[in-house]
There are 2 protein chains.
Amino acid sequence: MQQLSSYVGGQWVKGSQGGQTLVNPATEEPLASASSEGIDLAAALEYARTKGGPALRALSFAERGAILKGMADALQAARDELLALGMRNCGNTRSDAKFDVDGAIATLLAYAELGTQLGAGKFIVDGDGLQLGRSPRSHGQHVSVPRHGVAVHINAFNFPAWGLAEKAAAALLAGVPVLSKPATATAMLAQRAMQVFVENKLLPEGALSLLVGAPRDLAQHLGAQDVLAFTGSGDTGEHLRALPNVMRHSVRVNVEADSLNAAVLGPDAGASGDMLELFLKEVVRDITQKAGQKCTAIRRLLVPAEHVATLRDDLAGLLAGYKVGNPADEDVRMGPLTNAAQLADVREGIGRLGAQGTLVTGGAQPLFPKGYFLAPTVFEFAPGAQADAVHAREVFGPVVSILPYADDAAAIVARGGGSLVCSLYSEDAAWLEDTVAGIAPHHGRVYIGHPKIELSPGPGTVLPQLVHGGPGRAGGGEELGGRRALGFYLQRVALQGSRPLIQGLAKAGTQV
Amino acid sequence: MQQLSSYVGGQWVKGSQGGQTLVNPATEEPLASASSEGIDLAAALEYARTKGGPALRALSFAERGAILKGMADALQAARDELLALGMRNCGNTRSDAKFDVDGAIATLLAYAELGTQLGAGKFIVDGDGLQLGRSPRSHGQHVSVPRHGVAVHINAFNFPAWGLAEKAAAALLAGVPVLSKPATATAMLAQRAMQVFVENKLLPEGALSLLVGAPRDLAQHLGAQDVLAFTGSGDTGEHLRALPNVMRHSVRVNVEADSLNAAVLGPDAGASGDMLELFLKEVVRDITQKAGQKCTAIRRLLVPAEHVATLRDDLAGLLAGYKVGNPADEDVRMGPLTNAAQLADVREGIGRLGAQGTLVTGGAQPLFPKGYFLAPTVFEFAPGAQADAVHAREVFGPVVSILPYADDAAAIVARGGGSLVCSLYSEDAAWLEDTVAGIAPHHGRVYIGHPKIELSPGPGTVLPQLVHGGPGRAGGGEELGGRRALGFYLQRVALQGSRPLIQGLAKAGTQV
């Protein structure tokens, strides 16, 4: 059985024996093992800070962007191999695997292009210079410069390629070295991507490291110049934020955690028509793509009370006969959950929903003797039902709940306590204005579906141009959003003093 | 004896008897008492959220700015009375009191002017709209909208007027209601400022509340839409960030905490001349203004090793005969520390510095039988001395340490672990470029002193146009900086979908 390696301190190293076993979640066949035991994590971080940091800071944005372009090209060249790994290790259908790998490539390319736009500067000149007080000599200028630390990225199991690439793209373009820690369950794909980068000699020494296996005390070695970006459960996010060194040194932490994304069918969308079709199509995609294991997947369907019965029947019809099984079988449209722990967690969530709502289709029962499979599952809640279970806990699998609403859609959506995305399906401008005003502060993104937009990506696709994150339960973080992504890795500093001196200092930056 | 009142739920209320006694720190005479016992803090916050929030969100930036202008004018009209309170309750000289009160007025005016510039919009349209993918119908637009919560501001004892005003200005302009909690020891001035606002009926109901006395469990009532801005000790900042509700709901927290601000005399500044004079003038001001009780005050003097002896003698000469005493006496140039606890804390800090360095002037001994007085105090450290005490703990009083450097100025400065401001005194462009590159990521502001700038405010003055905050030990926060200040109170949201619909929604905002 393959033992995965970490790339730290400029070399591939294996942890001591033992560690976690990675499996094919469709067959439960063991594929590899991963251990980080025995690896000197403090040394790995210090190598990144002292080798990778200065090397990246010496490059311009355009040069850093060229590195990202090389990474995208290298992934593209290895795409078939990476897709196969996604299908074996992640339970992905080929389409699911493309979503992950092509998302990684597209995000790297978007930040490569941003690097080209930012050009020859090495840091950001933030806004115009200001005269301070009455003397024209007295000048102020904000600049945003790369932090002198390392960015630790702890990624979720559901996007081993995209998670690695999207976080690394922003940090590297900003000029900050990265140590990336993929979720162990699906680390084969992340490790192979890293091998591709290393084999192609794309990055300066120390600019990108990869740690497979348990994170151990990784985050406890972070200091005032370091940053930590985490995607995963809210509980782990809280644990990381509460670490004494993180508190004491104000380590910047970005958390992307649980999210109860809602989709609201507008009052004008009716019981049939293009808008309803779009709604159903995007809901079915979000239930089934990656077996519902997307942080942005729709979990709550808000439907005008008078249309609930129709909608429920339509949805059940679309999901009936939806083929679930081993992604190695080409007919299969939805694969298994990622591992036994996820399956158990989703089953428990289905139990909670079932205690308050009515099961429409699917359920917690096993589908096959082997593998972590579940059927697409829909619950319905009566008007005015308490429905605490729907709003209190993300069920990270192929599960949605239908909630009727009257004139209280925004208030129901807000019960999620902060989410990554909410999607609205309406062309009623007044209703949209009211609803967006009510829900916008609770979200990082509001998606307004429109049937005339061809090839709509739906609310579940995270785009490099738009911010990704959400307040409250969703972690309070923000990633991506084009140039906005760089801010997390930069320290904004006000330069104050003599105008010619400060204008001279700002020359090495790019004005934005 | 006066009992101070809180303004919550739209009325003045007194806490139950008891509470803390406020004194004149020059005489130890009791002046007032303050208690928050018995006040329903959850109700006070909910009143702000439900009354103040909608009222502020209904106003444009220009209208919110007009409120700030009214607040500035009202403080100006009450200025003499406020200065007298600063002199009695805060141990301020008249000049110190002006620094606080005039700072409050200037900051309110600066944000009033920003409101005028932002005009008729009610939220920010953040950047240009983007075409997403191939269809021109598919559009993305970031907007930043007021959070639907309350901003809790916990302020430090040293700036009862400025601290209240600068935090409130940014929140109110953003459209978020405020509950402000001044430090109890100096709350008389904050309470009087609040009375002035209320008497002049300047704000919508619920837009601004004031809580005097202990904060009790105030921060434990905050949720996902609320924000908490704290200025004070690093320990309290850590306590607030670690509260379970703050963690669970990702309550946004801005901390401005301890800071070991350095001033570096450049290698070209020599042992005499204009630059040295400026350096000495600004150092003496920072030691003595408000008895050194400024978060931005210079604590560490980095001096070329060959000039240390001259500098030390010059500084001792300037501080010799510096008149310390009751600010009621017009000859007095430096008043007492704020209270007995601060005096004890600074004495303990002087003890730690004295264990590693050499006392040049001043010291921990009492100056008078009554009052919390200390002499301006200077320590000197030998080249290569360990000097941990200098870099590890802020001594919040009239105390500085002289540290010699050779070619390691930036590395010595960085030992502070993150500070609010560092000041450099040099005209050597190459040295400045190197040094700024080394120190910038460790600071929120870099001040470059120049003798030809008339009426230089020095590094210790926080300007509304420039960001204020710092990484690491300084809390990792950011306040002020003109429009940048609003971001903390706004939720950035990506709107995604049909172009005409989204352009319609964005019309109510101000494009920046």
# chains A, B, ... in the order shown; residues from 1 in each chain; ligands from 1
$ residues_around --residues "Ala78 of chain B" --least-positions-apart "5" --cutoff "12 Å" --atoms "only C-alpha atoms" --output "ChimeraX atom specification"
/B:71-73,83-85,101-102,105,189,192-197,199-200
$ residues_around --residues "Glu330 of chain B" --least-positions-apart "3" --cutoff "12 Å" --atoms "only C-alpha atoms" --output "list of chain:residue names"
B:Met87, B:Asn92, B:Thr93, B:Arg94, B:Ser95, B:Lys323, B:Val324, B:Gly325, B:Asn326, B:Pro327, B:Arg333, B:Met334, B:Gly335
$ closest_atom_pairs --of "chain A" --to "chain B" --cutoff "6 Å" --atoms "only C-alpha atoms" --output "CSV"
residue,atom,partner,partner_atom,distance
A:Arg147,CA,B:Pro441,CA,5.3
A:Ala224,CA,B:Gly472,CA,4.3
A:Glu238,CA,B:Met247,CA,5.9
A:Met247,CA,B:Glu238,CA,5.9
A:His249,CA,B:Gly472,CA,4.4
A:Ser250,CA,B:Gly472,CA,4.8
A:Pro441,CA,B:Arg147,CA,5.3
A:Gly444,CA,B:Val493,CA,4.6
A:Arg445,CA,B:Ala494,CA,4.4
A:Val446,CA,B:Leu495,CA,5.0
A:Tyr447,CA,B:Gln496,CA,4.7
A:Ile448,CA,B:Gly497,CA,4.7
A:Gly449,CA,B:Gly497,CA,5.9
A:Leu466,CA,B:Ala494,CA,5.9
A:Gly472,CA,B:Ala224,CA,4.3
A:Arg473,CA,B:His249,CA,5.6
A:Gly475,CA,B:Ser250,CA,5.7
A:Gly476,CA,B:Ser250,CA,5.3
A:Gln491,CA,B:Pro441,CA,5.5
A:Val493,CA,B:Gly444,CA,4.6
A:Ala494,CA,B:Arg445,CA,4.4
A:Leu495,CA,B:Val446,CA,5.0
A:Gln496,CA,B:Tyr447,CA,4.7
A:Gly497,CA,B:Ile448,CA,4.7
$ closest_residue --among "A:Leu315, A:Val198, A:Leu337, A:Ala42" --to "Gly91 of chain A" --atoms "only C-alpha atoms"
A:Leu337
$ closest_residue --among "B:Gly70, B:Gly18, B:Gly9, B:Gly357" --to "Lys51 of chain B" --atoms "only C-alpha atoms"
B:Gly9
$ residues_around --residues "Glu348 of chain A" --least-positions-apart "6" --cutoff "10 Å" --atoms "only C-alpha atoms" --output "mmCIF file with all heavy atoms, in the first residue's frame"
data_model
loop_
_atom_site.group_PDB
_atom_site.id
_atom_site.type_symbol
_atom_site.label_atom_id
_atom_site.label_comp_id
_atom_site.auth_asym_id
_atom_site.auth_seq_id
_atom_site.Cartn_x
_atom_site.Cartn_y
_atom_site.Cartn_z
ATOM 1 N N GLN A 342 -18.163 10.530 7.825
ATOM 2 C CA GLN A 342 -19.118 11.447 7.195
ATOM 3 C C GLN A 342 -20.482 10.788 7.055
ATOM 4 O O GLN A 342 -21.514 11.414 7.275
ATOM 5 C CB GLN A 342 -18.589 11.889 5.820
ATOM 6 C CG GLN A 342 -17.445 12.882 5.904
ATOM 7 C CD GLN A 342 -17.825 14.125 6.691
ATOM 8 O OE1 GLN A 342 -18.867 14.726 6.476
ATOM 9 N NE2 GLN A 342 -16.992 14.493 7.657
ATOM 10 N N GLY A 354 -35.644 14.170 10.572
ATOM 11 C CA GLY A 354 -36.819 13.304 10.562
ATOM 12 C C GLY A 354 -37.661 13.434 11.820
ATOM 13 O O GLY A 354 -38.868 13.178 11.804
ATOM 14 N N ALA A 364 -31.949 7.387 5.653
ATOM 15 C CA ALA A 364 -30.638 7.045 6.207
ATOM 16 C C ALA A 364 -30.220 5.607 5.950
ATOM 17 O O ALA A 364 -29.114 5.212 6.307
ATOM 18 C CB ALA A 364 -30.626 7.329 7.711
ATOM 19 N N VAL A 395 -26.195 19.514 7.569
ATOM 20 C CA VAL A 395 -26.088 18.081 7.278
ATOM 21 C C VAL A 395 -25.329 17.978 5.967
ATOM 22 O O VAL A 395 -25.849 18.308 4.900
ATOM 23 C CB VAL A 395 -27.490 17.438 7.189
ATOM 24 C CG1 VAL A 395 -27.352 15.947 6.891
ATOM 25 C CG2 VAL A 395 -28.247 17.663 8.484
#
$ residues_around --residues "Gly232 of chain A" --least-positions-apart "4" --cutoff "8 Å" --atoms "only C-alpha atoms" --output "list in words"
Asn155, Ala156, Thr236, Gly237, Val255, Glu256, Ala257 and Asp258 of chain A
$ write_last_selection --atoms "C-alpha atoms" --output "short mmCIF file (atom, residue, chain, number, x, y, z; two decimals), in the first residue's frame"
data_model
loop_
_atom_site.label_atom_id
_atom_site.label_comp_id
_atom_site.auth_asym_id
_atom_site.auth_seq_id
_atom_site.Cartn_x
_atom_site.Cartn_y
_atom_site.Cartn_z
CA ASN A 155 -8.28 22.33 3.78
CA ALA A 156 -11.46 20.30 3.75
CA THR A 236 -12.41 22.80 14.61
CA GLY A 237 -12.46 26.45 13.58
CA VAL A 255 -12.49 30.38 8.90
CA GLU A 256 -14.91 28.95 6.35
CA ALA A 257 -17.15 26.63 8.29
CA ASP A 258 -20.73 25.38 8.47
#
$ residues_around --residues "Tyr7 of chain A" --least-positions-apart "3" --cutoff "10 Å" --atoms "only C-alpha atoms" --output "VMD selection string"
chain A and resid 10 to 14 44 179 to 180 191 194 to 195 198 206 208 to 212
